[in-house]
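K.L.:
Below you'll find the structure I mean.
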2 protein chains.
Amino acid sequence: MGIEVLGSIFTIQDGTFQILLMKNTKEPYKGYWILPCEVIKDDKTVEESIEKIVSEKFGFNDLKYDQCHVFSDLDRVPGKRMVGISLMSIVDEVTVMTKKIDTEYEIEWFPIDNLPKIGYDHIRVIEKSIEVLKEKVVQSKMLQQIFPCDFTLPEIQKVYEQLLSKNLDRRNFRKKFISLDLIEETGDKAPVSTGRPAKLYRFKEDVDNVLLF
Amino acid sequence: MGIEVLGSIFTIQDGTFQILLMKNTKEPYKGYWILPCEVIKDDKTVEESIEKIVSEKFGFNDLKYDQCHVFSDLDRVPGKRMVGISLMSIVDEVTVMTKKIDTEYEIEWFPIDNLPKIGYDHIRVIEKSIEVLKEKVVQSKMLQQIFPCDFTLPEIQKVYEQLLSKNLDRRNFRKKFISLDLIEETGDKAPVSTGRPAKLYRFKEDVDNVLLF
DNA sequence: ACAAAAGTGTTAACTTTACACCCATGT
DNA sequence: ACATGGGTGTAAAGTTAACACTTTTGT
């Protein structure tokens, strides 16, 4: 019996959640997209294993992981008994953009509502991770992971609108968010494509983890 | 490398959360109190394994389990690599009282704020389960597990007061709770020790899982 | 000057809090 | 009749929701 870790790595691009997948090069499910995963060894914890495998396959280091779920169906991996432990993490957009991912693997970001053909039982794992993502993202701590550096309020509002699947009033959103006392203006303005440029904010240091919404 | 399941079984007694532990009869940690646990076999999922072991050691069947956490520190069990998957469940008071537990093991309920000497790393496992318990019990679904049959509002209020570690106003608590539209009066009154007997309520059928507090 | 997106303030509705007295039962 | 705990209403404070116009930028 083996134990494997599976990593769901999310980011935000243009206000849309994306998940990072790799193309499977081995049978079974060759050519399908899968999560980075690996059987854990005797000398690593679950957290150390996921850090290693994500680093190796995707090039992201020092992410913070949260456990999502344990999958232990007898036949979830064809031909052997494999218990899967899934973890998730979020990478901010800037890191995604600036970090040139140097890997031998074919990897790609997919919007979570438009996934490609997924191998093994990874679609179930992904769905569970998305559930957990939605629960966690109403916490300021998670939001800080998504926006570690400067952000605008319209950006952050889009995240919530996607997750809550409804539109929010801009004025009320600003009032509520600012009243939480988590953020401060940087004084700068966001580069603009069209329209008035938005003010940039950053998270204050040492903010407590509070529930939004 | 092995995988074990660990079960944290909670109940409420007199408005206080209790956890069911068994006395360990083997070295190491002989005589210490531990969670029911067992290495999982090839022919069972995590959920099936916990059901079996809790049934066997504690005599409770058909509980609903939630996954809590995976513990994978290399040295968490002396002498072997053992990954621990912890699950929790809640048993209602009536089942606890009426079901005569027939087991060869020495088992006992302990209030969660007054635990005995705990073996292995189970104290960490228990602490994590209590965290999860506190998160889950603000959901009506979990409350329904605690009070599957008739209950009084003062009873349920005590549960919240314990979990939130503060006193709540009786009038406001009633108003809020009743306004959730989850419960209905049975028409009966609770047997009384002293003072006015409380009205009995029950959960309506098919209530959605909503967040309280 | 116009199009595009961001910023701002006020009022009404609703929710939450604070608070004190009466009621039903057992002794 | 009294001690014990349960049940009830109202007003103030706070929060959320609804709503429209002005500002800043690029073209």
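Residues are named by chain letter and number: chains run A, B, ... in the order of the structure tokens, numbers start at 1 in each chain, and ligands are numbered from 1 in the order shown.
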At most 7 Å is the cut-off: for each residue in chain D with any atom that close to an atom of chain B, write down the nearest atom pair and the distance in Å rounded to one decimal, counting only C-alpha atoms (C1' of nucleotides), chain first then increasing number, as CSV.

P.N.:
residue,atom,partner,partner_atom,distance
D:DT4,C1',B:Gly195,CA,4.2
D:DG5,C1',B:Gly195,CA,4.4
D:DG6,C1',B:Arg196,CA,5.4

K.L.:
Keeping only C-alpha atoms (C1' of nucleotides), write the selected residues to a file as a PDB file, in the first residue's frame.

P.N.:
ATOM      1  C1'  DT D   4     -35.306  27.884  40.570  1.00  0.00           C
ATOM      2  C1'  DG D   5     -34.868  28.181  35.904  1.00  0.00           C
ATOM      3  C1'  DG D   6     -37.751  29.294  31.503  1.00  0.00           C
TER       4       DG D   6
END

K.L.:
Please tabulate, as JSON lines, the residues of chain A that come within 10 Å of chain B, each with its closest pair of atoms and the distance in Å to one decimal, counting only C-alpha atoms and ordering rows by chain, then residue number upward.

P.N.:
{"residue": "A:Met1", "atom": "CA", "partner": "B:Asp42", "partner_atom": "CA", "distance": 6.9}
{"residue": "A:Gly2", "atom": "CA", "partner": "B:Met1", "partner_atom": "CA", "distance": 7.9}
{"residue": "A:Ile3", "atom": "CA", "partner": "B:Ile3", "partner_atom": "CA", "distance": 8.3}
{"residue": "A:Ile40", "atom": "CA", "partner": "B:Met1", "partner_atom": "CA", "distance": 9.5}
{"residue": "A:Lys41", "atom": "CA", "partner": "B:Met1", "partner_atom": "CA", "distance": 8.5}
{"residue": "A:Asp42", "atom": "CA", "partner": "B:Arg81", "partner_atom": "CA", "distance": 6.8}
{"residue": "A:Asp43", "atom": "CA", "partner": "B:Leu74", "partner_atom": "CA", "distance": 6.8}
{"residue": "A:Lys44", "atom": "CA", "partner": "B:Leu74", "partner_atom": "CA", "distance": 7.0}
{"residue": "A:Thr45", "atom": "CA", "partner": "B:Ser72", "partner_atom": "CA", "distance": 5.0}
{"residue": "A:Val46", "atom": "CA", "partner": "B:Ser72", "partner_atom": "CA", "distance": 6.0}
{"residue": "A:Glu47", "atom": "CA", "partner": "B:Ser72", "partner_atom": "CA", "distance": 8.3}
{"residue": "A:Glu48", "atom": "CA", "partner": "B:Ser72", "partner_atom": "CA", "distance": 9.7}
{"residue": "A:Asp66", "atom": "CA", "partner": "B:His69", "partner_atom": "CA", "distance": 9.9}
{"residue": "A:Gln67", "atom": "CA", "partner": "B:His69", "partner_atom": "CA", "distance": 7.2}
{"residue": "A:Cys68", "atom": "CA", "partner": "B:His69", "partner_atom": "CA", "distance": 8.7}
{"residue": "A:His69", "atom": "CA", "partner": "B:Gln67", "partner_atom": "CA", "distance": 7.2}
{"residue": "A:Val70", "atom": "CA", "partner": "B:Gln67", "partner_atom": "CA", "distance": 7.7}
{"residue": "A:Phe71", "atom": "CA", "partner": "B:Val46", "partner_atom": "CA", "distance": 8.1}
{"residue": "A:Ser72", "atom": "CA", "partner": "B:Thr45", "partner_atom": "CA", "distance": 5.0}
{"residue": "A:Asp73", "atom": "CA", "partner": "B:Thr45", "partner_atom": "CA", "distance": 5.5}
{"residue": "A:Leu74", "atom": "CA", "partner": "B:Thr45", "partner_atom": "CA", "distance": 6.5}
{"residue": "A:Lys80", "atom": "CA", "partner": "B:Asp42", "partner_atom": "CA", "distance": 9.7}
{"residue": "A:Arg81", "atom": "CA", "partner": "B:Asp42", "partner_atom": "CA", "distance": 6.9}
{"residue": "A:Met82", "atom": "CA", "partner": "B:Asp42", "partner_atom": "CA", "distance": 9.4}
{"residue": "A:Val83", "atom": "CA", "partner": "B:Thr45", "partner_atom": "CA", "distance": 8.6}
{"residue": "A:Ile85", "atom": "CA", "partner": "B:Val70", "partner_atom": "CA", "distance": 8.2}

K.L.:
May I have a table of the residues of chain C lying at most 8 Å from chain A, giving each one's closest pair of atoms and their distance in Å to one decimal, counting only C-alpha atoms (C1' of nucleotides), ordered by chain and ascending residue number, as a tab-separated table?

P.N.:
residue	atom	partner	partner_atom	distance
C:DA3	C1'	A:Gly195	CA	8.0
C:DA4	C1'	A:Gly195	CA	4.2
C:DA5	C1'	A:Gly195	CA	4.3
C:DA6	C1'	A:Arg196	CA	5.5
C:DT8	C1'	A:Arg171	CA	7.7

K.L.:
Neighbouring residues of Leu168 (chain A) were defined as those with any atom within 9 Å, considering only C-alpha atoms (C1' of nucleotides); residues of the same chain fewer than 5 positions away were excluded. Please report them as a list of chain:residue names.

P.N.:
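So the residues in contact are A:Gln157, A:Lys158, A:Tyr160, A:Glu161, A:Phe173.
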
K.L.:
Compile the contact shell of DG14 (chain D) as a PyMOL selection string: residues with an atom at most 10 Å away, counting only C-alpha atoms (C1' of nucleotides), same-chain residues fewer than 3 positions apart removed.

P.N.:
chain C and resi 15-17
